[in-house]
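Since the structure comes first, as structure tokens, the remarks are kept for the end.
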Amino acid sequence: MRESWQERFADAPDVLIGARRGRTIVPVRDFAVGGDEFIVMAGPCSVETESQLLSTALHVYKAGARVLRGGAFKPRSSPYAFHGLGLEGLKLLARAREATGLAVVTEVMSECDVPLVADYADILQIGSRSMENYTLLEEAARSKRPILLKRGMVATIADLLRSAQVILDNGNPNVILCERGIRTFEPSLRNTFDAAGIALLKQTTHLPVIADPSHAAGDRELVPALARIGVAAGADGVLVEVHPDPDRAWSDGEQSLDFDGFAAMMAALEPWIALRNPGFFAGLDRGASALETVE
Ligand code: PEP
Ligand code: MN
């Protein structure tokens, strides 16, 4: 690794490649994040109702998702917006897991809620607004649940890696990094998707990286393209917002895909995911015959 990166990320020594042998593969239920399989996490921004969550869970499961996302404790920009169902939302997530076998990722916002959320979630999400809350990170780490650590909207890569280091320092190696877009001078989109950041994280750290095209774009029309860019940049999976009726969603409807949109996104993603498999070209006849033609 370049010395300048080592210097820049000096506060996160254990996160960097070389700090340990091989990549971190995070076990979750019957699969793993950071291994050969590309992991799709999908679901509504917020858990709203039983039928909303269960129908979404079933749909994303059938389309190939492994993890159901859904916020029960919601950080929102407006103090007057919906802030989540709390415990009732966690119970609905557990019911959806039972019905589908999907793992559950959901956000925890306060260190006081860590034991409760950890009781229901397979993966604890630390949101963008909480990325630098070290008290929360320490408590979440001690729960021993895998942590999905979202990059703060104004956090540098070094800031993100420092937060990951806090989790490792507290005895939890199972950290999944998430690029969800950052604030820049460009106002056309909600955030600017930092694809280079994903490539850099994959090149400098041993941790799995997930791309969140929904919060990066803020616009459902751009989500499939950003998801493909995430795969090409080397992400180990995507986190995508899906809702049965996005225009009526209680939060982030403008960036949520409906069921057909999600199925289309998955179909468009498939060839890109196949390219991640190093054996893909070796298994194709046309590679050999093309070479013969040239010779
Ligand atoms: C979310 O995942 O719904 C969320 C609130 O994300 P972020 O913390 O990235 O804004
Ligand atoms: Mn959201």
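Identifiers in this document derive from the order of the structure tokens: chains are assigned A, B, ..., residues are numbered from 1 separately in each chain, and ligands are numbered from 1 in order of occurrence.
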
**Request:** Taking only C-alpha atoms and all ligand atoms into account, report as a PyMOL selection string which residues have an atom no farther than 7 Å from an atom of ligand 1.
**Result:** chain A and resi 45-46+71+74-75+127-129+150+180+215

**Prompt:** Leaving out range 186-200 of chain A and any residue of its chain fewer than 4 positions from it, which residues lie within 6 Å of it when counting only C-alpha atoms, given as number ranges by chain?
**Reply:** A: 181-182, 216-218, 233

**Asked** Contacts of range 241-249 of chain A at 12 Å or less, counting only C-alpha atoms, minus same-chain residues fewer than 5 places along, as an MDAnalysis selection string?
**Response** chainID A and resid 40:49 51:61 63 65 67:71 82 180 211:220 223:224 227 254:263 265

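Computed from the coordinates, the CA of Ala267 in chain A to CA of Asp122 in chain A distance equals 26.7 Å.
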
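You can rank A:Ile126, A:Thr100, A:Leu177, A:Arg276 by their closest distance to Ala232 in chain A using only C-alpha atoms, and at the top of that list sits A:Arg276.
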